[in-house]
Structure formats: structure tokens, C-alpha cells
$ cat final-v8.txt   # compact mmCIF, C-alpha atoms
# COMPACT_ATOMS: atom_id res chain seq x y z
CA MET A 25 0.00 0.00 0.00
CA PRO A 26 1.54 3.34 -1.03
CA ALA A 27 2.38 5.77 1.72
CA PRO A 28 -0.05 8.66 2.15
CA PRO A 29 1.14 12.02 0.81
CA LEU A 30 2.99 14.21 3.28
CA PRO A 31 1.19 17.33 4.44
CA ALA A 32 2.16 20.49 2.64
CA SER A 33 4.89 22.43 4.33
CA PRO A 34 3.85 25.88 5.59
CA ALA A 35 6.95 27.24 3.90
CA ALA A 36 5.85 25.89 0.50
CA PRO A 37 3.62 28.84 -0.52
CA SER A 38 6.36 31.26 0.52
CA ALA A 39 8.99 29.30 -1.40
CA HIS A 40 6.75 29.26 -4.45
CA ARG A 41 6.22 33.02 -4.30
CA GLY A 42 9.97 33.49 -4.00
CA THR A 43 10.59 31.32 -7.06
CA VAL A 44 8.08 33.29 -9.11
CA ARG A 45 9.40 36.65 -7.92
CA VAL A 46 13.06 35.90 -8.65
CA THR A 47 12.23 34.33 -12.01
CA VAL A 48 10.17 37.34 -13.07
CA VAL A 49 12.89 39.79 -11.99
CA LEU A 50 15.66 37.93 -13.83
CA LEU A 51 13.62 37.45 -17.01
CA PHE A 52 12.54 41.09 -16.83
CA ALA A 53 16.22 42.12 -16.76
CA ALA A 54 17.18 39.76 -19.60
CA TRP A 55 14.29 40.95 -21.79
CA LEU A 56 15.13 44.58 -20.98
CA VAL A 57 18.65 44.11 -22.36
CA ASP A 58 17.36 42.03 -25.29
CA TYR A 59 14.95 44.74 -26.37
CA ALA A 60 17.40 47.59 -25.74
CA ASP A 61 19.94 45.87 -27.98
CA ARG A 62 17.38 45.80 -30.79
CA LEU A 63 16.35 49.42 -30.35
CA VAL A 64 19.86 50.86 -30.51
CA ILE A 65 20.04 50.37 -34.28
CA ASN A 66 16.94 52.55 -34.81
CA LEU A 67 18.49 55.44 -32.92
CA VAL A 68 21.74 55.34 -34.88
CA LEU A 69 20.23 54.82 -38.36
CA PRO A 70 20.82 58.47 -39.36
CA SER A 71 24.50 58.12 -38.32
CA LEU A 72 24.84 54.83 -40.20
CA GLY A 73 23.20 56.34 -43.27
CA ALA A 74 25.67 59.21 -43.24
CA GLU A 75 28.77 57.07 -42.59
CA PHE A 76 28.00 54.30 -45.10
CA ASP A 77 26.01 56.44 -47.60
CA LEU A 78 22.76 54.47 -47.20
CA ASP A 79 19.35 55.54 -48.47
CA ARG A 80 16.24 54.76 -46.40
CA THR A 81 15.56 51.50 -48.21
CA ARG A 82 19.01 50.12 -47.33
CA GLN A 83 18.72 51.47 -43.81
CA GLY A 84 15.52 49.43 -43.53
CA LEU A 85 17.42 46.37 -44.76
CA VAL A 86 19.91 46.76 -41.92
CA VAL A 87 17.01 46.48 -39.50
CA SER A 88 15.29 43.63 -41.34
CA ALA A 89 18.51 41.54 -41.51
CA PHE A 90 18.17 41.09 -37.76
CA PHE A 91 14.52 40.07 -38.03
CA LEU A 92 15.16 37.60 -40.85
CA ALA A 93 17.52 35.61 -38.64
CA TYR A 94 15.41 36.25 -35.55
CA ALA A 95 12.32 34.83 -37.27
CA LEU A 96 14.15 31.82 -38.70
CA CYS A 97 15.53 30.89 -35.27
CA GLN A 98 12.26 31.03 -33.31
CA ILE A 99 11.20 27.43 -33.97
CA PRO A 100 14.74 26.00 -33.66
CA GLY A 101 14.98 27.96 -30.40
CA GLY A 102 11.80 26.31 -29.18
CA LEU A 103 13.17 22.89 -30.12
CA LEU A 104 16.42 23.60 -28.30
CA ALA A 105 14.52 24.76 -25.20
CA ASP A 106 12.33 21.64 -25.20
CA ARG A 107 15.39 19.43 -25.75
CA PHE A 108 18.05 21.02 -23.50
CA GLY A 109 15.97 23.10 -21.08
CA GLY A 110 14.99 26.74 -21.01
CA ARG A 111 17.73 27.84 -18.60
CA ARG A 112 20.62 26.46 -20.64
CA VAL A 113 19.35 27.91 -23.93
CA THR A 114 18.69 31.27 -22.27
CA LEU A 115 22.32 31.40 -21.13
CA TRP A 116 23.57 30.49 -24.61
CA ALA A 117 21.46 33.27 -26.10
CA LEU A 118 22.65 35.92 -23.63
CA LEU A 119 26.30 35.09 -24.25
CA SER A 120 26.13 34.94 -28.05
CA TRP A 121 24.00 38.04 -28.60
CA SER A 122 26.28 40.08 -26.31
CA VAL A 123 29.28 39.05 -28.42
CA PHE A 124 27.61 40.04 -31.70
CA THR A 125 26.33 43.31 -30.25
CA ALA A 126 29.90 44.26 -29.30
CA LEU A 127 31.17 43.26 -32.76
CA THR A 128 28.57 45.51 -34.41
CA GLY A 129 30.43 48.44 -32.90
CA PHE A 130 33.43 47.49 -35.09
CA ALA A 131 31.52 47.29 -38.42
CA TRP A 132 33.36 49.00 -41.30
CA SER A 133 30.99 48.52 -44.25
CA PHE A 134 27.35 47.98 -45.19
CA ALA A 135 28.00 44.29 -46.00
CA VAL A 136 29.71 43.66 -42.65
CA LEU A 137 26.90 45.47 -40.86
CA LEU A 138 24.31 43.23 -42.55
CA ALA A 139 26.26 40.08 -41.64
CA LEU A 140 26.66 41.10 -38.01
CA ARG A 141 23.02 42.09 -37.65
CA PHE A 142 22.00 38.71 -39.11
CA ALA A 143 24.23 36.86 -36.64
CA PHE A 144 22.90 39.01 -33.80
CA GLY A 145 19.33 38.16 -34.86
CA ALA A 146 20.11 34.44 -34.82
CA ALA A 147 21.55 34.72 -31.32
CA GLU A 148 18.54 36.61 -29.97
CA GLY A 149 16.11 34.41 -31.91
CA ILE A 150 16.58 31.40 -29.65
CA PHE A 151 15.88 33.47 -26.54
CA PRO A 152 12.07 34.12 -26.55
CA PRO A 153 10.88 30.48 -26.58
CA ALA A 154 13.56 29.55 -24.05
CA ALA A 155 12.53 32.41 -21.76
CA MET A 156 8.89 31.40 -22.14
CA LYS A 157 9.75 27.85 -21.12
CA VAL A 158 11.76 29.12 -18.13
CA LEU A 159 8.69 31.04 -16.96
CA VAL A 160 6.23 28.18 -17.57
CA GLU A 161 8.43 25.79 -15.57
CA ARG A 162 8.46 28.17 -12.58
CA THR A 163 4.85 29.41 -12.45
CA ARG A 164 1.39 27.92 -12.06
CA PRO A 165 -1.13 28.22 -14.91
CA GLU A 166 -3.42 30.63 -13.05
CA GLU A 167 -0.62 33.17 -12.51
CA ARG A 168 1.24 32.71 -15.78
CA MET A 169 -0.23 35.52 -17.86
CA SER A 170 0.14 38.09 -15.11
CA ALA A 171 3.75 37.02 -14.55
CA ASN A 172 4.46 37.07 -18.27
CA GLY A 173 2.76 40.44 -18.59
CA THR A 174 5.11 41.84 -15.98
CA VAL A 175 8.12 40.29 -17.72
CA MET A 176 7.12 41.55 -21.16
CA SER A 177 6.43 45.05 -19.92
CA SER A 178 10.23 45.22 -19.86
CA ASN A 179 10.11 45.66 -23.64
CA ALA A 180 8.16 48.86 -23.36
CA LEU A 181 10.31 50.05 -20.46
CA ALA A 182 13.39 49.42 -22.63
CA ALA A 183 11.76 51.62 -25.26
CA VAL A 184 11.63 54.37 -22.61
CA ILE A 185 15.13 53.95 -21.20
CA THR A 186 17.07 53.21 -24.39
CA PRO A 187 16.52 56.50 -26.25
CA LEU A 188 17.04 58.52 -23.07
CA ALA A 189 20.35 56.75 -22.35
CA VAL A 190 21.66 56.06 -25.85
CA ALA A 191 20.95 59.42 -27.52
CA PRO A 192 23.31 61.44 -25.26
CA LEU A 193 25.90 58.64 -25.43
CA VAL A 194 25.90 58.70 -29.24
CA ALA A 195 26.01 62.50 -29.29
CA VAL A 196 29.19 62.51 -27.20
CA PHE A 197 31.03 59.28 -28.12
CA GLY A 198 29.55 58.24 -31.49
CA TRP A 199 27.26 55.45 -32.61
CA ARG A 200 29.74 52.61 -31.95
CA SER A 201 29.76 53.27 -28.21
CA ALA A 202 26.04 52.42 -28.00
CA PHE A 203 26.67 48.82 -29.08
CA TRP A 204 29.61 48.32 -26.74
CA SER A 205 27.59 49.62 -23.79
CA THR A 206 24.59 47.38 -24.40
CA ALA A 207 26.88 44.37 -24.88
CA ALA A 208 28.25 44.99 -21.38
CA LEU A 209 24.70 44.98 -20.01
CA GLY A 210 24.11 41.63 -21.70
CA VAL A 211 27.08 40.14 -19.88
CA LEU A 212 25.69 41.38 -16.55
CA ALA A 213 22.30 39.78 -17.31
CA LEU A 214 24.07 36.53 -18.21
CA VAL A 215 25.88 36.43 -14.85
CA ALA A 216 22.67 37.21 -12.93
CA VAL A 217 20.65 34.44 -14.62
CA ARG A 218 23.52 31.98 -14.21
CA LEU A 219 23.82 32.65 -10.48
CA TRP A 220 20.29 33.25 -9.28
CA LEU A 221 17.66 31.60 -11.49
CA PRO A 222 15.67 29.21 -9.22
CA ALA A 223 15.06 25.57 -10.03
CA PRO A 224 11.76 24.69 -11.77
CA LEU A 225 8.71 24.02 -9.62
CA PRO A 226 8.17 20.34 -8.86
CA ARG A 227 5.71 18.70 -11.22
CA THR A 228 2.81 16.72 -9.81
CA GLU A 229 2.41 13.26 -11.29
CA SER A 230 -1.17 13.77 -12.35
CA ALA A 231 -2.93 11.93 -15.14
CA GLU A 232 -2.61 15.08 -17.20
CA ASP A 233 1.17 15.03 -16.89
CA THR A 234 1.31 11.35 -17.83
CA VAL A 235 -0.73 11.91 -20.95
CA GLY A 236 1.33 14.98 -21.82
CA GLU A 237 4.51 12.91 -21.68
CA THR A 238 3.24 9.79 -23.43
CA ALA A 239 1.16 11.43 -26.14
CA ARG A 240 3.59 14.05 -27.42
CA PRO A 241 2.60 14.98 -30.95
CA ALA A 242 5.28 14.82 -33.61
CA LEU A 243 6.94 18.15 -34.34
CA ARG A 244 5.58 18.14 -37.86
CA ALA A 245 2.07 17.77 -36.47
CA VAL A 246 2.61 20.75 -34.14
CA LEU A 247 3.82 22.94 -37.00
CA ARG A 248 0.85 21.88 -39.11
CA LYS A 249 -1.65 23.17 -36.58
CA GLY A 250 -3.29 25.94 -38.57
CA VAL A 251 -4.71 27.52 -35.44
CA LEU A 252 -1.18 28.34 -34.21
CA TRP A 253 -0.38 30.12 -37.47
CA ARG A 254 -3.51 32.24 -37.12
CA PHE A 255 -2.18 33.46 -33.78
CA ALA A 256 1.17 34.04 -35.53
CA LEU A 257 -0.59 36.19 -38.11
CA MET A 258 -2.24 38.15 -35.30
CA MET A 259 1.23 38.78 -33.86
CA PHE A 260 2.37 39.84 -37.35
CA GLY A 261 -0.25 42.57 -37.39
CA TYR A 262 0.68 43.80 -33.92
CA ASN A 263 4.42 43.86 -34.61
CA THR A 264 3.96 45.63 -37.94
CA ILE A 265 2.85 48.64 -35.90
CA VAL A 266 5.50 48.30 -33.19
CA TRP A 267 8.55 47.82 -35.40
CA GLY A 268 7.37 50.23 -38.05
CA LEU A 269 7.20 52.99 -35.44
CA ASN A 270 10.34 51.95 -33.56
CA THR A 271 12.40 51.96 -36.75
CA TRP A 272 11.33 55.19 -38.41
CA VAL A 273 10.10 57.65 -35.77
CA PRO A 274 13.65 58.79 -34.80
CA SER A 275 14.57 59.39 -38.45
CA TYR A 276 11.26 61.15 -39.13
CA LEU A 277 11.66 63.54 -36.21
CA SER A 278 15.24 64.31 -37.23
CA GLU A 279 14.73 64.69 -40.98
CA GLU A 280 11.26 66.23 -41.17
CA HIS A 281 11.24 68.40 -38.03
CA GLY A 282 14.93 68.98 -37.32
CA VAL A 283 14.69 67.43 -33.84
CA SER A 284 18.08 66.51 -32.35
CA LEU A 285 18.77 62.89 -31.42
CA THR A 286 18.76 63.73 -27.71
CA SER A 287 15.40 65.53 -27.96
CA ALA A 288 13.99 62.76 -30.14
CA GLY A 289 14.94 60.25 -27.44
CA ALA A 290 12.94 62.19 -24.87
CA LEU A 291 9.92 62.40 -27.19
CA ILE A 292 10.04 58.68 -28.03
CA ALA A 293 9.96 57.87 -24.32
CA VAL A 294 6.42 59.26 -24.01
CA PRO A 295 4.60 56.61 -26.13
CA ALA A 296 6.94 53.95 -24.75
CA LEU A 297 5.65 54.64 -21.24
CA GLY A 298 2.12 54.13 -22.50
CA ALA A 299 3.16 50.85 -24.12
CA ALA A 300 4.68 49.60 -20.85
CA LEU A 301 1.46 50.27 -18.97
CA ALA A 302 -0.70 48.76 -21.71
CA THR A 303 1.38 45.56 -21.85
CA PHE A 304 0.96 45.07 -18.12
CA LEU A 305 -2.78 45.79 -18.27
CA GLY A 306 -3.20 43.45 -21.23
CA GLY A 307 -1.74 40.56 -19.22
CA ARG A 308 -4.07 41.26 -16.30
CA LEU A 309 -7.10 41.46 -18.60
CA ALA A 310 -6.13 38.22 -20.34
CA ASP A 311 -5.99 36.41 -16.97
CA ARG A 312 -9.29 37.91 -15.85
CA LEU A 313 -11.10 37.02 -19.09
CA GLY A 314 -9.58 33.53 -19.35
CA GLY A 315 -8.59 34.31 -22.94
CA HIS A 316 -11.34 35.89 -25.05
CA HIS A 317 -8.73 38.10 -26.67
CA ARG A 318 -11.22 39.44 -29.22
CA ARG A 319 -12.77 41.62 -26.49
CA ILE A 320 -9.44 43.39 -26.03
CA ILE A 321 -7.79 43.28 -29.44
CA VAL A 322 -10.62 44.37 -31.75
CA PRO A 323 -11.46 47.64 -29.95
CA GLY A 324 -7.77 48.26 -29.22
CA MET A 325 -6.77 47.91 -32.87
CA ALA A 326 -9.72 50.04 -34.02
CA VAL A 327 -8.49 52.88 -31.81
CA ALA A 328 -4.90 52.29 -32.95
CA ALA A 329 -5.87 52.50 -36.64
CA VAL A 330 -7.63 55.84 -36.23
CA ALA A 331 -4.78 57.23 -34.11
CA LEU A 332 -2.18 56.10 -36.67
CA LEU A 333 -3.95 57.96 -39.46
CA LEU A 334 -4.16 61.10 -37.32
CA MET A 335 -0.50 60.72 -36.37
CA ALA A 336 0.64 60.32 -39.98
CA ASN A 337 -1.07 63.58 -40.94
CA ALA A 338 -0.32 65.59 -37.80
CA PRO A 339 1.22 68.96 -38.79
CA SER A 340 3.20 69.41 -35.57
CA VAL A 341 5.59 67.37 -33.44
CA LEU A 342 3.19 67.67 -30.48
CA GLY A 343 0.30 66.21 -32.47
CA PHE A 344 2.51 63.46 -33.88
CA VAL A 345 3.66 62.38 -30.40
CA LEU A 346 0.15 62.67 -28.89
CA PHE A 347 -1.57 60.53 -31.53
CA GLY A 348 1.41 58.15 -31.63
CA THR A 349 1.09 57.60 -27.88
CA VAL A 350 -2.61 56.75 -28.23
CA ALA A 351 -1.86 54.35 -31.09
CA VAL A 352 0.94 52.57 -29.23
CA PHE A 353 -1.07 52.26 -26.01
CA ALA A 354 -4.12 50.83 -27.79
CA ALA A 355 -2.06 48.38 -29.87
CA SER A 356 0.07 47.24 -26.91
CA LEU A 357 -3.00 46.05 -25.01
CA ALA A 358 -3.02 43.17 -27.53
CA TYR A 359 0.43 41.74 -26.82
CA MET A 360 -0.26 39.45 -23.87
CA PRO A 361 -3.80 38.44 -24.93
CA ILE A 362 -2.31 37.05 -28.16
CA PHE A 363 -0.35 34.52 -26.05
CA ALA A 364 -3.02 33.73 -23.46
CA VAL A 365 -5.01 31.04 -25.27
CA PRO A 366 -2.08 29.19 -26.93
CA LEU A 367 -0.15 28.96 -23.65
CA ALA A 368 -3.21 27.67 -21.81
CA GLY A 369 -4.13 25.16 -24.52
CA LEU A 370 -0.77 23.75 -25.62
CA SER A 371 0.57 20.46 -24.29
CA PRO A 372 3.25 21.25 -21.64
CA ALA A 373 5.85 19.37 -23.68
CA TYR A 374 5.46 21.77 -26.60
CA VAL A 375 5.17 25.18 -24.99
CA GLY A 376 8.59 26.10 -26.42
CA VAL A 377 7.80 25.22 -30.04
CA GLY A 378 4.22 26.47 -29.88
CA SER A 379 5.15 29.88 -28.49
CA ALA A 380 7.96 30.07 -31.07
CA VAL A 381 5.41 29.75 -33.88
CA VAL A 382 3.44 32.70 -32.52
CA ILE A 383 6.57 34.81 -31.99
CA PHE A 384 7.77 33.89 -35.49
CA GLY A 385 4.81 35.76 -36.98
CA GLY A 386 5.79 38.92 -35.13
CA GLN A 387 9.38 38.76 -36.29
CA VAL A 388 8.35 38.37 -39.92
CA ALA A 389 6.64 41.74 -39.42
CA GLY A 390 9.92 43.16 -38.16
CA MET A 391 11.57 41.83 -41.28
CA VAL A 392 8.95 43.25 -43.66
CA ALA A 393 7.83 46.59 -42.18
CA PRO A 394 11.15 48.53 -41.96
CA PRO A 395 12.26 48.15 -45.62
CA VAL A 396 8.70 48.55 -46.95
CA MET A 397 8.26 51.76 -44.99
CA GLY A 398 11.71 52.94 -46.04
CA ALA A 399 10.83 52.36 -49.70
CA LEU A 400 7.50 54.18 -49.24
CA ALA A 401 9.26 57.10 -47.57
CA ASP A 402 11.82 57.26 -50.41
CA ALA A 403 9.19 57.00 -53.15
CA PHE A 404 6.39 59.09 -51.59
CA SER A 405 6.64 60.47 -48.05
CA PHE A 406 6.81 59.54 -44.38
CA GLN A 407 3.05 60.20 -44.20
CA VAL A 408 2.41 57.36 -46.66
CA ALA A 409 4.88 55.14 -44.81
CA PHE A 410 3.15 55.67 -41.45
CA GLY A 411 -0.27 55.19 -43.06
CA PHE A 412 0.90 51.71 -44.11
CA LEU A 413 0.82 50.68 -40.42
CA VAL A 414 -2.99 50.70 -40.41
CA LEU A 415 -2.75 47.43 -42.32
CA GLY A 416 -1.17 45.84 -39.24
CA ALA A 417 -4.07 46.91 -37.04
CA LEU A 418 -6.55 45.47 -39.55
CA ILE A 419 -4.75 42.11 -39.74
CA ALA A 420 -4.57 41.77 -35.94
CA ALA A 421 -8.27 42.61 -35.49
CA VAL A 422 -9.41 40.17 -38.19
CA MET A 423 -7.28 37.34 -36.79
CA ALA A 424 -8.63 38.04 -33.29
CA CYS A 425 -12.08 37.20 -34.66
CA LEU A 426 -10.89 34.07 -36.50
CA THR A 427 -9.06 32.36 -33.61
CA PRO A 428 -10.39 30.26 -30.67
CA GLN A 429 -11.30 32.38 -27.67
CA ASP A 430 -10.46 29.97 -24.82
CA ALA A 431 -8.22 27.01 -24.05
CA ALA A 432 -10.85 24.34 -24.67
CA ALA A 433 -11.72 25.76 -28.10
CA PHE A 434 -8.01 26.02 -28.92
CA ARG A 435 -7.41 22.36 -28.06
CA ALA A 436 -10.36 21.32 -30.17
CA ALA A 437 -9.13 23.39 -33.11
CA ALA A 438 -5.57 22.10 -32.64
CA ASP A 439 -6.84 18.50 -32.61
CA GLU A 440 -4.98 17.48 -29.44
CA PRO A 441 -4.97 13.75 -28.57
CA PRO A 442 -8.44 12.83 -27.22
CA ALA A 443 -7.22 11.65 -23.80
CA TYR A 444 -5.19 14.81 -23.24
CA THR A 445 -8.02 17.04 -24.44
CA SER A 446 -10.64 15.42 -22.24
CA LEU A 447 -8.45 15.58 -19.14
CA ARG A 448 -7.58 19.24 -19.65
CA THR A 449 -11.21 20.12 -20.37
CA ALA A 450 -12.37 18.36 -17.22
CA LYS A 451 -9.77 20.20 -15.19
CA ASP A 452 -10.74 23.57 -16.69
CA SER A 453 -14.40 23.07 -15.85
CA ALA A 454 -13.73 21.82 -12.33
$ encode --input "final-v8.txt" --output "C-alpha cells"
Amino acid sequence: MPAPPLPASPAAPSAHRGTVRVTVVLLFAAWLVDYADRLVINLVLPSLGAEFDLDRTRQGLVVSAFFLAYALCQIPGGLLADRFGGRRVTLWALLSWSVFTALTGFAWSFAVLLALRFAFGAAEGIFPPAAMKVLVERTRPEERMSANGTVMSSNALAAVITPLAVAPLVAVFGWRSAFWSTAALGVLALVAVRLWLPAPLPRTESAEDTVGETARPALRAVLRKGVLWRFALMMFGYNTIVWGLNTWVPSYLSEEHGVSLTSAGALIAVPALGAALATFLGGRLADRLGGHHRRIIVPGMAVAAVALLLMANAPSVLGFVLFGTVAVFAASLAYMPIFAVPLAGLSPAYVGVGSAVVIFGGQVAGMVAPPVMGALADAFSFQVAFGFLVLGALIAAVMACLTPQDAAAFRAAADEPPAYTSLRTAKDSA
């Protein structure tokens, strides 16, 4: 006769809270550096254009080289995280992207710059699914979206801090110093994660876990789940707005309004603050609604589309920043709700790969939007280029209506193994 289970230790809830807290803080720091590294290139594009004689189309290609590699490495990153563990892959990513960030500061030609940005994108590309797996292994399902919302708000905070810190640095020491400085921050994040990341939470040997381990779908079957690619397309629409604005707003303020890089950094920080708040709120709303992302994304993207059109045609810097802040806030409410249903519905064994598919869609947007907007700005005007971003809001809103609205509907659409589906459904309704 098996021994009865031991009573729960009074320290267990406290230990769990400590694990979640430390994990969130460390991932927040790692994502902050990750996102800051990506944003530096946008702030120095005018300097790169002048030094290497690049038009806006080729400047956009410098940005998209990163996203090409970043997108291609999302699914391999998920496979690596599922195979070797989220912690190990996270450490690999932090080390390699810090090296390539530092090397970017030594670039001497357009071709070398493209190659280094591609390598940097590959290094950062394995990080998101690994970080997602690290979080999933150290949180409970009911707290996951709130925790992830807090972690991902680091992206918007990086959008606030980076221009404020980098613009004066570039003005005094030149554009190369920005890459060397952010590489140093990456090394610090690497050391912190290596030393202080807690162990995963113990897994309970429930029937659900057993089914999850014994009924793992083949990778090809996971990638063929059309429902995942619809969420990826939703992320594509969202990131079209984010990376279109992040790439070209500094250049627009400088070239069209004569705003200095330091002043532009201060102005860019205003919408970034709104994005940080909206990302956090979006995670809370997603937890409260149990998914049902359509209720958040459709109205949010409708507001964003109108604000983008007003921003594109604003005659003054004040109007441009005001309408841009509204657009970014409304669009950023969508970020965490896009992940809520897939993370709740995926088999635990394939969180890494599944989340990588969704993230992949967003990085394709980062690959497409910068050069397309650069070409539109060269051929027509910045107003036309910014108007292009409305297409992203439309895509995200339509996909929000064409995707399952809760975990049970997602599992049905994804055609999970019957035993796994029935067990998860029973648990959800309990």
C-alpha cells in the first residue's frame, strides 16, 4: 500500500512566491537588455546612413537583416529549449548576442553590418521560446499571464530607457559606443541568470502530466496546426505597428522636423511609457477574461488604426507624439492576450515550439515593415509610410475574430490527442 502524501509544508507557498518573484525579476532584466539591444540600431540609423552612404531602403534592410535571422531561429529555439531546457538555452542566447552586439560596434561597411546584424538576430532568436519555457516551468497556470505580462512590460520600459540613455551617449562618443555599452549589459544579465535563477517548480504526477509525456505529438504535427499560425498572423499585425514605429520615428523627427537625437529620445519615451502600462494591463485582462482576446484586441486595434492615421497627418511634433502615444497604447493592449489562449491550450511538452510559432509571426513583421516603410518614404513620403501601419491593425483585429477564444476551443481546433483534451477540459471546468 503506497504511503499517504505528506502534508504540505507551511513554507511551500512562501517558497513558491519566492521562485516566481526571482524568475520574473531575472527574465525582466534579460528581456530589458534584449529589447534595448534591438532598439539601438533605430536610434543610430541616421548616423549609419551618413557614414555608409545608405538611403532609407538600405537602412531598412539593416534592421530587417536582424529580423530575418530572428524569425528563422524562433522554432529552432523552441526545439532547443524543449530538448536542453529553457535555462541552458537562455544562457547560450545571452552570451552569443552580447558578443555580436559588441562586434557591431566594429563594423566597417554595409555588408559587414548586414552580416553582423544577421548573426545578432540568430543569437537573440533562440531566446524568446527559451525564456517562455523558463517562466512556464516556474509558475502555475493561473498566474502565468500576469507574470508574463510583468516580464514583457520590460520591452516597453526598454523603449523608454534606451533613447534617453543612448541618444546622449551617441552624441558625445559616437554610434559605436552604444553597441559596446549594451553588450556589457548583456554580460551582466548573463551572470545574474547563471547565479540566481531558481530551479523549476516540482511537477505533480497527475494523469494530465502522464498523458502529456506519453502522447507528445510529432513536431511536424505541431507545426501543421493551422490555429497556431492564425495566432502568428495576429502577432504579425501587432508587430507591424510596433517595429514600423520603432524603426522610423527617430529618423522622421530628425529629418522632417529637425529634432536633435537627444530631444527625439525624450519624445520617443512618451509613447513607450504608454506601451509599458498597456502591456501590463493586457496581461491582467487576459488572466481575468480567461482568454477571449477578441474583447481586447478588436477595440484596441480600431483605436490604434484611427490614431495612426491622425498621427501620420499631424502637422506638428506635439500632435505626432500625442496621436502616436494613443496608437501605441491601444495596440500594446493586444500583446499578452495574443499569447493567453495558446499557452493555456498547448501540451506542456510543446510550450517552447508552440510559443515560437506565434513569436515567429511577429518577427516576420519586423523583417517586412522597416524596408517597406523605407521604400514608401523614399518613393512618396513619411506620411504614406506611417499610413501603411494601419494594415497591421486590420490584420490583428481580423485574426482576433478568427481564432479560438479559450483554451478548450483552442485544443479542439488544434486536434490534441483525445485523452489529453478530455483531461484538460475536465480540469478547466472543475
$ closest_residue --input "final-v8.txt" --among "A:Ala437, A:Ile383, A:Ala329, A:Ala53" --to "Leu413 of chain A" --atoms "all atoms listed in the file"
A:Ala329
$ residues_near_point --input "final-v8.txt" --point "(16.7, 60.4, -27.3)" --cutoff "8 Å" --atoms "all atoms listed in the file" --output "PyMOL selection string"
chain A and resi 67+186-192+285-293
$ atom_distance --input "final-v8.txt" --atom1 "atom CA of Gly306 of chain A" --atom2 "atom CA of Asn263 of chain A"
15.4 Å
$ closest_residue --input "final-v8.txt" --among "A:Trp55, A:Phe144, A:Ala336, A:Leu301" --to "Ala213 of chain A" --atoms "all atoms listed in the file"
A:Trp55
$ atom_distance --input "final-v8.txt" --atom1 "atom CA of Gly250 of chain A" --atom2 "atom CA of Phe90 of chain A"
26.3 Å
$ residues_around --input "final-v8.txt" --residues "Lys157 of chain A" --least-positions-apart "5" --cutoff "12 Å" --atoms "only C-alpha atoms" --output "count of residues only"
34
$ closest_residue --input "final-v8.txt" --among "A:Ala436, A:Ala183, A:Ala403, A:Leu119" --to "Leu214 of chain A" --atoms "all atoms listed in the file"
A:Leu119
$ closest_residue --input "final-v8.txt" --among "A:Val87, A:Leu78, A:Ala354, A:Val414" --to "Val388 of chain A" --atoms "all atoms listed in the file"
A:Val87
$ residues_around --input "final-v8.txt" --residues "Phe255 of chain A" --least-positions-apart "4" --cutoff "7 Å" --atoms "all atoms listed in the file" --output "number ranges by chain"
A: 251, 259, 362, 382, 427
$ closest_residue --input "final-v8.txt" --among "A:His317, A:Arg82, A:Arg308, A:Arg435" --to "Leu252 of chain A" --atoms "all atoms listed in the file"
A:Arg435
$ closest_residue --input "final-v8.txt" --among "A:Phe197, A:Phe412, A:Trp121, A:Phe344" --to "Leu277 of chain A" --atoms "all atoms listed in the file"
A:Phe344
$ atom_distance --input "final-v8.txt" --atom1 "atom CA of Gly129 of chain A" --atom2 "atom CA of Gln387 of chain A"
23.4 Å
$ axis_aligned_box --input "final-v8.txt" --around "segment 304-314 of chain A" --padding-each-side "8 Å" --output "JSON"
{"center_x": -5.1, "center_y": 39.7, "center_z": -18.5, "size_x": 28.1, "size_y": 28.3, "size_z": 21.4}
$ residues_around --input "final-v8.txt" --residues "Ala60 of chain A" --least-positions-apart "6" --cutoff "10 Å" --atoms "all atoms listed in the file" --output "list in words"
Ala54, Ser178, Asn179, Ala180, Leu181, Ala182, Ala183, Val184, Ile185, Thr186, Pro187, Val190, Phe203, Thr206, Leu209 and Gly210 of chain A
